[in-house]
Every structure is written in C-alpha cells, then in structure tokens.
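Chemist: My questions will all concern the structure given below.
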Amino acid sequence: MDLENQKRVKDFAEEYGAENLVVVLGAAEGEAAGLAAETVTLGDPTFAGPLTGVQLGLAVYHVCEPEVKGEFDEAVYDEQVGMMEMVLDVDDIVSEMEAIREQV
C-alpha cells in the first residue's frame with residue numbers, strides 16, 4: 001500500500017472512527033493483499049509510511065472473498081471484476097486475508 005493511500009486510510013479512521021470503516025482490497029496476489037491488510041490492521045510492516053506503529057484494527061477484505069462478492073450486484077461484479085477473478089489464485093488470496101484477520 002503506497003504512502004498516499006496509507007495517509008488516506010489513517011485520515012478516514014480518525015475522521016469516522018475505525019469501527020465505521022471497512023477496507024476492500026483488490027490486489028492481484030495473496031501476498032500483496034496480505035501486506036496491505038496487515039498495514040491497515042496492525043501497522044505498516046515496512047516501517048516506511050504514515051501507518052508505521054499505528055494499529056488501526058480495521059475490518060479488511062478482498063473483493064474476491066465470498067462474503068464481499070455477495071454484496072455486489074452480480075452484473076456489476078462480473079463487469080468490473082469477473083475477468084480478473086478468473087486468473088487470480090482466489091484461494092491463496094482468501095487464505096492470506098483470513099490469516100491477517102485472525103491476528104487482529
């Protein structure tokens with residue numbers, strides 16, 4: 001997660017409260033999704049951004065996870081994500097996301 005997005009997430013958490021935010025990621029690989037999820041929950045593991053040492057504990061999911069996918073209009077999801085989902089290792093992404101949520 002780049003430094004600008006870290007700042008945005010931190011600002012939103014301060015403005016609206018962490019309990020009122022859900023972060024939905026769209027990274028193409030499990031490792032990248034896991035790193036971004038760790039950043040918004042436990043703090044920036046690279047110690048480079050605004051979330052260094054900041055444990056926001058935000059709810060975080062990937063757009064391809066079943067519990068999130070089911071929240072979208074099926075036609076919109078298919079149009080916006082469907083093609084990409086066919087080439088992603090969704091099981092790996094889900095596994096990474098679940099592992100991060102278990103740490104919170």
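Please note that chains go A, B, ... in the order of the structure tokens, that every chain numbers its residues from 1, and that ligands are numbered from 1 in the order shown.
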Based on DSSP run over this structure's backbone, return all residues of chain A in helix (DSSP H, G or I), as a VMD selection string.

Modeler: chain A and resid 3 to 16 18 to 20 30 to 41 66 to 69 74 to 85 90 to 103

Chemist: May I have all residues of chain A that DSSP, computed from the backbone, assigns to strand (DSSP E or B), given as a list in words?

Modeler: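 Secondary structure check on chain A, strand (DSSP E or B): Val22, Val23, Val24, Leu25, Ala59, Val60, Tyr61 and His62 of chain A.
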
Chemist: Within 6 Å of stretch 87-94 of chain A, counting only C-alpha atoms, which residues qualify if same-chain residues fewer than 3 places away don't, as a ChimeraX atom specification?

Modeler: /A:30,84,97

Chemist: List the neighbours of stretch 75-80 of chain A out to 10 Å using only C-alpha atoms; skip same-chain residues closer than 5 positions along the sequence, and give me the result as a list in words.

Modeler: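 Contacts, in chain order: Val63, Cys64, Lys69, Gly70 and Glu85 of chain A.
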
Chemist: Could you save the residues just selected, with N, CA and C atoms, as a PDB file, in the first residue's frame?

Modeler:
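What ended up in selection28.pdb:
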```pdb
ATOM      1  N   VAL A  63     -11.925  -8.069  -2.532  1.00  0.00           N
ATOM      2  CA  VAL A  63     -13.146  -8.009  -3.336  1.00  0.00           C
ATOM      3  C   VAL A  63     -13.582  -9.393  -3.821  1.00  0.00           C
ATOM      4  N   CYS A  64     -12.657 -10.337  -3.919  1.00  0.00           N
ATOM      5  CA  CYS A  64     -12.995 -11.688  -4.404  1.00  0.00           C
ATOM      6  C   CYS A  64     -13.451 -12.642  -3.304  1.00  0.00           C
ATOM      7  N   LYS A  69     -18.054 -10.471  -2.235  1.00  0.00           N
ATOM      8  CA  LYS A  69     -18.590 -10.666  -3.585  1.00  0.00           C
ATOM      9  C   LYS A  69     -20.120 -10.694  -3.560  1.00  0.00           C
ATOM     10  N   GLY A  70     -20.680 -11.311  -2.554  1.00  0.00           N
ATOM     11  CA  GLY A  70     -22.129 -11.428  -2.441  1.00  0.00           C
ATOM     12  C   GLY A  70     -22.843 -10.115  -2.180  1.00  0.00           C
ATOM     13  N   GLU A  85     -10.966 -12.108 -11.879  1.00  0.00           N
ATOM     14  CA  GLU A  85     -11.134 -13.194 -10.911  1.00  0.00           C
ATOM     15  C   GLU A  85     -10.784 -14.553 -11.527  1.00  0.00           C
TER      16      GLU A  85
END
```

Chemist: Within 10 Å of A:Glu96, counting only C-alpha atoms, which residues show up once you throw out same-chain ones fewer than 3 positions away? Write them as a list in words, please.

Modeler: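 Everything that qualifies: Glu29, Gly30, Glu31, Ala32, Ala33, Gly34, Leu35, Ala37, Glu38, His62, Val90, Asp91, Asp92, Ile93, Ala99, Ile100 and Arg101 of chain A.
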
Chemist: Could you tell me how far atom CA of A:Val40 sits from atom CA of A:Asn5, in Å to one decimal place?

Modeler: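 Atom-to-atom, atom CA of A:Asn5 and atom CA of A:Val40 are spaced 10.1 Å apart.
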
Chemist: What lies within 7 Å of stretch 12-21 of chain A using only C-alpha atoms, ignoring chain neighbours under 6 positions off, as a short mmCIF file (atom, residue, chain, number, x, y, z; two decimals) with C-alpha atoms, in the first residue's frame?

Modeler:
```
data_model
loop_
_atom_site.label_atom_id
_atom_site.label_comp_id
_atom_site.auth_asym_id
_atom_site.auth_seq_id
_atom_site.Cartn_x
_atom_site.Cartn_y
_atom_site.Cartn_z
CA LEU A 56 -5.95 0.76 13.24
CA LEU A 58 -9.74 -2.02 10.51
CA ALA A 59 -12.02 -4.62 9.02
#
```

Chemist: Which of these residues is nearest to A:Pro50, using only C-alpha atoms: A:Val9, A:Val68, A:Val22, A:Val104?

Modeler: A:Val9

Chemist: Separation of atom CA of A:Gln6 and atom CA of A:Leu51, in Å?

Modeler: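 According to the coordinates, atom CA of A:Gln6 and atom CA of A:Leu51 are separated by 6.2 Å.
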
Chemist: Could you check the closest approach to A:Asp44 for each of A:Gly57, A:Glu102, A:Val81, A:Glu71 and tell me which residue wins, using only C-alpha atoms?

Modeler: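 Closest to A:Asp44, using only C-alpha atoms: A:Gly57.
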
Chemist: Let me make sure I understand: among A:Leu3, A:Tyr61, A:Gly53, A:Glu74, which one has the smallest atom-to-atom distance to A:Ala27 if we use only C-alpha atoms?

Modeler: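 Of A:Leu3, A:Tyr61, A:Gly53, A:Glu74, the one nearest A:Ala27 is A:Tyr61, counting only C-alpha atoms.
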
Chemist: Could you tell me which of A:Ala28, A:Met1, A:Ala48, A:Val23 comes closest to A:Val60 if we count only C-alpha atoms?

Modeler: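 Once distances to A:Val60 are computed over only C-alpha atoms, the minimum belongs to A:Val23.
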
Chemist: How many Å separate atom CA of A:Asp11 from atom CA of A:Leu25?

Modeler: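 If I compute the distance from atom CA of A:Asp11 to atom CA of A:Leu25, I get 17.6 Å.
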